[in-house]
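Quick look at final22.cif (mmCIF, C-alpha atoms):
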```cif
data_input
#
loop_
_atom_site.label_atom_id
_atom_site.label_comp_id
_atom_site.auth_asym_id
_atom_site.auth_seq_id
_atom_site.Cartn_x
_atom_site.Cartn_y
_atom_site.Cartn_z
CA ALA A 1 -8.38 12.72 6.21
CA MET A 2 -10.84 9.95 5.40
CA ALA A 3 -10.43 8.46 8.85
CA ALA A 4 -11.03 11.89 10.39
CA TRP A 5 -14.31 12.13 8.48
CA ILE A 6 -15.56 9.19 10.55
CA ASP A 7 -15.05 11.24 13.69
CA GLU A 8 -16.84 14.16 12.05
CA THR A 9 -19.75 11.90 10.97
CA PRO A 10 -20.78 9.95 14.06
CA PRO A 11 -23.38 7.17 13.78
CA ILE A 12 -26.96 8.23 14.35
CA GLN A 13 -29.40 6.68 16.79
CA GLN A 14 -31.61 4.19 14.97
CA ALA A 15 -33.52 1.00 15.66
CA MET A 16 -31.74 -1.16 13.07
CA ARG A 17 -28.67 -3.07 14.19
CA TYR A 18 -26.95 -3.06 10.80
CA GLY A 19 -26.53 -0.25 8.31
CA ASN A 20 -26.21 3.03 10.19
CA LYS A 21 -27.44 5.73 7.84
CA ALA A 22 -24.66 8.13 8.81
CA PHE A 23 -22.48 6.04 6.48
CA LYS A 24 -24.32 7.62 3.53
CA ALA A 25 -22.96 11.04 4.53
CA TRP A 26 -19.42 9.72 4.97
CA HIS A 27 -19.52 7.95 1.62
CA ALA A 28 -20.97 10.99 -0.19
CA ARG A 29 -18.15 13.15 1.14
CA MET A 30 -15.55 10.64 -0.03
CA ALA A 31 -17.14 10.17 -3.48
CA GLU A 32 -17.41 13.92 -4.00
CA ARG A 33 -13.69 14.38 -3.44
CA ALA A 34 -12.58 11.29 -5.37
CA PRO A 35 -12.35 12.87 -8.89
CA ALA A 36 -10.11 15.70 -7.69
CA LEU A 37 -7.96 13.27 -5.73
CA MET A 38 -7.49 11.05 -8.78
CA ALA A 39 -6.59 14.05 -10.96
CA GLU A 40 -4.01 15.07 -8.37
CA LEU A 41 -2.48 11.58 -8.35
CA LEU A 42 -2.17 11.62 -12.13
CA GLU A 43 -0.59 15.08 -12.11
CA GLN A 44 2.07 13.98 -9.65
CA ARG A 45 3.26 10.94 -11.57
CA ALA A 46 6.84 11.06 -12.73
CA ALA A 47 6.37 8.73 -15.72
CA PRO A 48 5.61 10.09 -19.20
CA GLU A 49 2.14 9.69 -20.64
CA SER A 50 3.24 7.65 -23.65
CA GLY A 51 1.75 4.19 -23.56
CA ALA A 52 -1.01 5.08 -21.11
CA PRO A 53 -4.37 3.53 -22.09
CA ALA A 54 -6.41 6.70 -21.48
CA ALA A 55 -6.12 10.48 -21.38
CA PRO A 56 -5.64 11.83 -17.84
CA ALA A 57 -9.14 13.32 -17.62
CA ASP A 58 -10.80 10.08 -18.73
CA ALA A 59 -8.57 8.00 -16.48
CA ALA A 60 -9.35 10.21 -13.49
CA ALA A 61 -13.07 9.59 -13.96
CA GLU A 62 -12.62 5.82 -14.19
CA LEU A 63 -10.24 5.70 -11.23
CA ALA A 64 -12.64 7.76 -9.14
CA ALA A 65 -15.42 5.26 -9.84
CA TYR A 66 -13.31 2.29 -8.70
CA PHE A 67 -12.09 4.21 -5.66
CA ALA A 68 -15.56 5.24 -4.51
CA GLU A 69 -16.94 1.72 -4.96
CA ALA A 70 -14.10 0.23 -2.90
CA PHE A 71 -15.55 1.54 0.37
CA GLY A 72 -18.94 -0.11 0.24
CA SER A 73 -22.42 0.71 -0.99
CA PRO A 74 -24.14 3.83 0.38
CA THR A 75 -27.45 2.50 -0.93
CA ARG A 76 -27.38 -0.86 0.81
CA ILE A 77 -24.96 0.29 3.53
CA ASP A 78 -22.98 -2.89 3.06
CA TYR A 79 -19.47 -4.00 2.20
CA GLY A 80 -17.97 -7.22 0.88
CA THR A 81 -15.51 -8.89 -1.45
CA GLY A 82 -16.95 -7.13 -4.49
CA HIS A 83 -15.98 -3.79 -2.99
CA GLU A 84 -12.56 -5.14 -2.07
CA LEU A 85 -12.24 -6.14 -5.76
CA GLN A 86 -12.89 -2.51 -6.73
CA LEU A 87 -9.80 -1.50 -4.79
CA LEU A 88 -7.78 -4.04 -6.76
CA ALA A 89 -9.16 -2.55 -9.99
CA TRP A 90 -8.21 0.95 -8.77
CA LEU A 91 -4.66 -0.14 -8.00
CA ARG A 92 -4.35 -1.83 -11.38
CA GLY A 93 -5.60 1.35 -13.02
CA LEU A 94 -2.89 3.34 -11.25
CA GLU A 95 -0.32 0.92 -12.63
CA LEU A 96 -1.66 1.24 -16.16
CA MET A 97 -1.52 5.04 -15.86
CA GLN A 98 2.08 4.74 -14.61
CA VAL A 99 1.37 6.22 -11.19
CA LEU A 100 2.50 2.90 -9.71
CA ASP A 101 5.04 0.43 -11.05
CA PRO A 102 4.64 -3.37 -10.88
CA ALA A 103 7.80 -3.40 -8.79
CA ASP A 104 5.86 -1.42 -6.17
CA ARG A 105 3.37 -4.22 -5.51
CA PRO A 106 4.86 -5.55 -2.24
CA ALA A 107 5.00 -2.02 -0.85
CA VAL A 108 1.49 -1.27 -2.10
CA VAL A 109 0.12 -4.30 -0.24
CA LEU A 110 2.01 -3.57 2.96
CA ARG A 111 1.33 0.18 2.97
CA VAL A 112 -1.67 1.13 0.87
CA PHE A 113 -3.73 -2.05 1.26
CA GLU A 114 -2.93 -2.23 4.98
CA ARG A 115 -4.20 1.33 5.51
CA TYR A 116 -7.29 0.51 3.48
CA LEU A 117 -7.95 -2.46 5.78
CA ALA A 118 -7.58 -0.30 8.87
CA LEU A 119 -10.02 2.26 7.49
CA MET A 120 -12.53 -0.40 6.43
CA ARG A 121 -12.45 -2.00 9.88
CA ARG A 122 -13.31 1.35 11.41
CA LEU A 123 -16.13 1.85 8.91
CA GLN A 124 -17.45 -1.66 9.54
CA THR A 125 -17.53 -1.26 13.30
CA THR A 126 -18.63 2.38 13.41
CA TYR A 127 -21.48 2.15 10.93
CA CYS A 128 -22.28 -1.56 11.36
CA LEU A 129 -21.99 -2.23 7.64
CA GLU A 130 -23.99 -5.23 6.47
CA PRO A 131 -21.78 -8.03 5.06
CA ALA A 132 -22.45 -8.01 1.30
CA GLY A 133 -23.02 -11.51 -0.05
CA SER A 134 -21.81 -13.18 3.12
CA HIS A 135 -22.10 -16.97 3.41
CA GLY A 136 -22.20 -16.67 7.19
CA VAL A 137 -20.08 -19.25 8.97
CA TRP A 138 -19.66 -21.13 5.67
CA GLY A 139 -17.67 -18.31 4.11
CA LEU A 140 -14.01 -17.44 4.55
CA ASP A 141 -14.88 -14.07 6.11
CA ASP A 142 -17.92 -11.80 6.25
CA TYR A 143 -16.23 -8.94 4.43
CA GLN A 144 -12.88 -9.72 2.80
CA HIS A 145 -10.77 -12.31 1.03
CA LEU A 146 -7.65 -10.67 -0.41
CA VAL A 147 -6.21 -9.90 3.01
CA PHE A 148 -5.87 -13.64 3.59
CA VAL A 149 -4.24 -14.22 0.17
CA PHE A 150 -1.73 -11.41 0.65
CA GLY A 151 -1.28 -12.26 4.31
CA ALA A 152 -0.55 -15.91 3.63
CA ALA A 153 1.90 -14.94 0.86
CA GLN A 154 3.67 -12.63 3.29
CA LEU A 155 4.27 -15.61 5.61
CA VAL A 156 5.55 -18.11 3.02
CA GLY A 157 8.85 -19.45 4.28
CA HIS A 158 8.50 -17.96 7.77
CA ALA A 159 10.53 -20.04 10.20
CA ARG A 160 8.25 -19.68 13.21
CA ILE A 161 4.74 -18.62 12.18
CA GLN A 162 2.75 -21.49 10.66
CA PRO A 163 -0.93 -21.71 9.64
CA SER A 164 -1.70 -23.27 13.02
CA SER A 165 -0.22 -20.22 14.76
CA ILE A 166 -3.53 -18.37 14.46
CA HIS A 167 -4.64 -20.21 17.61
CA ASP A 168 -1.83 -18.64 19.62
CA GLU A 169 -3.49 -15.51 20.99
CA GLU A 170 -0.22 -14.28 22.51
CA LEU A 171 1.42 -14.44 19.10
CA LEU A 172 -1.53 -12.63 17.50
CA ALA A 173 -1.10 -9.78 19.98
CA GLU A 174 2.67 -9.74 19.58
CA ALA A 175 2.99 -10.02 15.78
CA GLY A 176 -0.41 -8.95 14.47
CA ALA A 177 0.80 -5.45 13.64
CA ASP A 178 3.48 -6.89 11.34
CA TYR A 179 1.55 -9.57 9.47
CA LEU A 180 -1.68 -9.09 7.54
CA TYR A 181 -3.01 -12.60 8.10
CA LEU A 182 -2.52 -12.47 11.85
CA ALA A 183 -4.07 -9.01 12.06
CA ALA A 184 -7.12 -10.22 10.12
CA VAL A 185 -7.58 -13.19 12.44
CA ALA A 186 -7.09 -11.00 15.50
CA PHE A 187 -9.79 -8.63 14.25
CA ILE A 188 -12.20 -11.52 13.71
CA ARG A 189 -11.52 -12.79 17.22
CA LYS A 190 -12.23 -9.29 18.54
CA VAL A 191 -15.58 -8.78 16.82
CA LYS A 192 -16.96 -12.31 16.95
CA LYS A 193 -17.85 -14.22 20.05
CA GLY A 194 -17.62 -17.93 20.77
CA PRO A 195 -15.18 -20.67 19.75
CA PHE A 196 -13.15 -19.78 16.67
CA GLY A 197 -13.95 -23.08 14.99
CA GLU A 198 -17.66 -22.34 15.22
CA HIS A 199 -17.80 -18.78 13.86
CA SER A 200 -14.90 -19.19 11.37
CA PRO A 201 -14.77 -22.88 10.36
CA TYR A 202 -13.04 -22.23 7.00
CA LEU A 203 -10.18 -20.34 8.62
CA ASN A 204 -10.06 -22.96 11.33
CA ASP A 205 -9.72 -25.73 8.72
CA ILE A 206 -7.04 -23.78 6.87
CA SER A 207 -5.00 -23.68 10.07
CA ALA A 208 -4.46 -27.44 9.74
CA ILE A 209 -2.63 -27.07 6.41
CA ASP A 210 1.10 -27.67 6.76
CA SER A 211 2.50 -24.79 4.68
CA TRP A 212 1.66 -21.22 3.75
CA ASP A 213 2.45 -21.98 0.12
CA LYS A 214 -0.45 -24.45 0.02
CA VAL A 215 -2.66 -21.92 1.78
CA VAL A 216 -1.92 -19.28 -0.85
CA LYS A 217 -2.70 -21.63 -3.73
CA GLY A 218 -5.94 -22.77 -2.13
CA LEU A 219 -7.08 -19.23 -1.35
CA LEU A 220 -6.37 -18.11 -4.92
CA ARG A 221 -8.50 -20.97 -6.28
CA MET A 222 -11.22 -20.04 -3.82
CA TYR A 223 -11.00 -16.37 -4.86
CA GLU A 224 -11.41 -17.31 -8.51
CA GLY A 225 -14.46 -19.41 -7.77
CA GLU A 226 -16.17 -17.50 -4.97
CA VAL A 227 -15.40 -13.91 -6.02
CA LEU A 228 -14.33 -13.57 -9.65
CA GLY A 229 -16.62 -16.40 -10.74
CA LYS A 230 -19.78 -15.10 -9.07
CA LEU A 231 -21.96 -12.66 -11.04
CA PRO A 232 -23.59 -11.10 -7.94
CA VAL A 233 -20.09 -10.17 -6.75
CA VAL A 234 -18.57 -8.83 -9.98
CA GLN A 235 -21.68 -7.34 -11.61
CA HIS A 236 -20.87 -3.84 -10.32
CA LEU A 237 -17.31 -3.82 -11.68
CA ARG A 238 -17.10 -1.23 -14.45
CA PHE A 239 -15.19 -1.60 -17.69
CA GLY A 240 -13.65 1.23 -19.69
CA ALA A 241 -10.38 2.35 -21.23
CA LEU A 242 -8.32 1.18 -18.24
CA LEU A 243 -9.99 -2.23 -17.84
CA PRO A 244 -11.68 -3.00 -21.16
CA TRP A 245 -14.12 -5.84 -21.73
CA ALA A 246 -12.28 -7.76 -24.45
CA THR A 247 -14.80 -10.52 -25.15
CA PRO A 248 -17.71 -9.82 -27.53
CA TYR A 249 -21.02 -9.66 -25.67
CA ASN A 250 -22.55 -12.47 -27.72
CA ASP A 251 -19.84 -14.84 -26.50
#
```
Whole structure given in structure tokens:
Amino acid sequence: AMAAWIDETPPIQQAMRYGNKAFKAWHARMAERAPALMAELLEQRAAPESGAPAAPADAAAELAAYFAEAFGSPTRIDYGTGHELQLLAWLRGLELMQVLDPADRPAVVLRVFERYLALMRRLQTTYCLEPAGSHGVWGLDDYQHLVFVFGAAQLVGHARIQPSSIHDEELLAEAGADYLYLAAVAFIRKVKKGPFGEHSPYLNDISAIDSWDKVVKGLLRMYEGEVLGKLPVVQHLRFGALLPWATPYND
């Protein structure tokens, strides 16, 4: 349904290259429906409520906030790793409320997160969302980070696909639908022009690493420093009953 709303909310004609204002209407429609959707998810869970950190009504409100923030800012008409982090918070909240189980995580990444990526790529290209907090060519990617962490983890131990395989355009076309990392690189190659090493030097450098295991470890360290460790990125993340702020404010 959310993808269909894009078709029903076409971009408007405007002088600005980035930030088509039609995105505000799409986002408002999504945010308006989010609370009811979260309540429905909680009603359908098979697990008992014992041990849940919040009452269903309170949890639905918190989950709706994370969900709505995960698709970008309607005010700035931008999207970046901070919004991607909101999706992670939403998924963790679903675990805590026993809608998802930790054992579901591989399936969640390969099904839910993959569909989220597909929707976000449509939103990015349709409404020309501004990259939020982008470092330009000196960043990993204009919009996302987790797709590369999960994508590299998916390829650990693969007999044929190595980090250097991202330069094989035939392989990207052949296997991109099955592997998150390859699909992400293929999308970048589609939307950016010029030599890959010039517009994506970080990803180009990573391709010289000899194992996916090392790539995963490096990307996790980078995520901690460049996303979780940056106030401008995490300042919009809300805390509540599902994700409490455990440290006293004066610390």
Care to translate the PyMOL selection byres ((chain A and resi 86) around 12) into actual residues of this file, as a ChimeraX atom specification? /A:62-73,79-85,87-93,144,146,227-228,233-239,243
Atoms to include: C-alpha atoms. Write the selected residues as a PDB file, keeping the file's coordinate frame.
```
ATOM      1  CA  GLU A  62     -12.620   5.820 -14.190  1.00  0.00           C
ATOM      2  CA  LEU A  63     -10.240   5.700 -11.230  1.00  0.00           C
ATOM      3  CA  ALA A  64     -12.640   7.760  -9.140  1.00  0.00           C
ATOM      4  CA  ALA A  65     -15.420   5.260  -9.840  1.00  0.00           C
ATOM      5  CA  TYR A  66     -13.310   2.290  -8.700  1.00  0.00           C
ATOM      6  CA  PHE A  67     -12.090   4.210  -5.660  1.00  0.00           C
ATOM      7  CA  ALA A  68     -15.560   5.240  -4.510  1.00  0.00           C
ATOM      8  CA  GLU A  69     -16.940   1.720  -4.960  1.00  0.00           C
ATOM      9  CA  ALA A  70     -14.100   0.230  -2.900  1.00  0.00           C
ATOM     10  CA  PHE A  71     -15.550   1.540   0.370  1.00  0.00           C
ATOM     11  CA  GLY A  72     -18.940  -0.110   0.240  1.00  0.00           C
ATOM     12  CA  SER A  73     -22.420   0.710  -0.990  1.00  0.00           C
ATOM     13  CA  TYR A  79     -19.470  -4.000   2.200  1.00  0.00           C
ATOM     14  CA  GLY A  80     -17.970  -7.220   0.880  1.00  0.00           C
ATOM     15  CA  THR A  81     -15.510  -8.890  -1.450  1.00  0.00           C
ATOM     16  CA  GLY A  82     -16.950  -7.130  -4.490  1.00  0.00           C
ATOM     17  CA  HIS A  83     -15.980  -3.790  -2.990  1.00  0.00           C
ATOM     18  CA  GLU A  84     -12.560  -5.140  -2.070  1.00  0.00           C
ATOM     19  CA  LEU A  85     -12.240  -6.140  -5.760  1.00  0.00           C
ATOM     20  CA  LEU A  87      -9.800  -1.500  -4.790  1.00  0.00           C
ATOM     21  CA  LEU A  88      -7.780  -4.040  -6.760  1.00  0.00           C
ATOM     22  CA  ALA A  89      -9.160  -2.550  -9.990  1.00  0.00           C
ATOM     23  CA  TRP A  90      -8.210   0.950  -8.770  1.00  0.00           C
ATOM     24  CA  LEU A  91      -4.660  -0.140  -8.000  1.00  0.00           C
ATOM     25  CA  ARG A  92      -4.350  -1.830 -11.380  1.00  0.00           C
ATOM     26  CA  GLY A  93      -5.600   1.350 -13.020  1.00  0.00           C
ATOM     27  CA  GLN A 144     -12.880  -9.720   2.800  1.00  0.00           C
ATOM     28  CA  LEU A 146      -7.650 -10.670  -0.410  1.00  0.00           C
ATOM     29  CA  VAL A 227     -15.400 -13.910  -6.020  1.00  0.00           C
ATOM     30  CA  LEU A 228     -14.330 -13.570  -9.650  1.00  0.00           C
ATOM     31  CA  VAL A 233     -20.090 -10.170  -6.750  1.00  0.00           C
ATOM     32  CA  VAL A 234     -18.570  -8.830  -9.980  1.00  0.00           C
ATOM     33  CA  GLN A 235     -21.680  -7.340 -11.610  1.00  0.00           C
ATOM     34  CA  HIS A 236     -20.870  -3.840 -10.320  1.00  0.00           C
ATOM     35  CA  LEU A 237     -17.310  -3.820 -11.680  1.00  0.00           C
ATOM     36  CA  ARG A 238     -17.100  -1.230 -14.450  1.00  0.00           C
ATOM     37  CA  PHE A 239     -15.190  -1.600 -17.690  1.00  0.00           C
ATOM     38  CA  LEU A 243      -9.990  -2.230 -17.840  1.00  0.00           C
TER      39      LEU A 243
END
```
For Asp7 (chain A), the closest of A:Ala241, A:Ala54, A:Leu123, A:Ala59 counting all atoms listed in the file is A:Leu123
Between CA of Phe196 (chain A) and CA of His167 (chain A), what distance in Å does the model show, to one decimal? 8.6 Å
Between A:Leu180, A:Ala34, A:Ile166, A:Leu96, which one has atoms that come closest to Pro53 (chain A), using all atoms listed in the file?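 Of all the options, A:Leu96 lies closest to Pro53 (chain A).
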Exercise: region 198-200 of chain A partners within 10 Å, all atoms listed in the file, chain neighbours under 2 positions left out, as a ChimeraX atom specification: /A:136-142,185,188-189,192-196,202-205
Skip Gln13 (chain A) itself and residues of its chain fewer than 6 positions away, then list as number ranges by chain all residues within 12 Å of it, counting all atoms listed in the file. A: 19-22, 127
Just C-alpha atoms for this one: save the residues we selected as a compact mmCIF listing (two decimals), in the frame of the given file.
```txt
# COMPACT_ATOMS: atom_id res chain seq x y z
CA GLY A 19 -26.53 -0.25 8.31
CA ASN A 20 -26.21 3.03 10.19
CA LYS A 21 -27.44 5.73 7.84
CA ALA A 22 -24.66 8.13 8.81
CA TYR A 127 -21.48 2.15 10.93
```
What lies within 8 Å of Ala60 (chain A) using only C-alpha atoms, ignoring chain neighbours under 2 positions off, as a list in words?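 Near neighbours after the sequence-gap exclusion: Pro35, Met38, Ala39, Leu42, Pro56, Ala57, Asp58, Glu62, Leu63 and Ala64 of chain A.
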Within-12 Å shell of (-10.3, -0.1, 7.4) in input frame, only C-alpha atoms, as a VMD selection string: chain A and resid 2 to 3 6 70 to 72 79 84 112 to 127 129 143 to 144 147 183 to 184 187
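With all atoms listed in the file as the atoms that count, the minimum distance from Ala177 (chain A) to the choices A:Ala103, A:Leu110, A:Gly133, A:Thr75 is reached by A:Leu110.
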Under the rule that all atoms listed in the file are counted, which of A:Pro11, A:Gly225, A:Ala186, A:Leu155 is the nearest residue to Glu170 (chain A)? A:Ala186
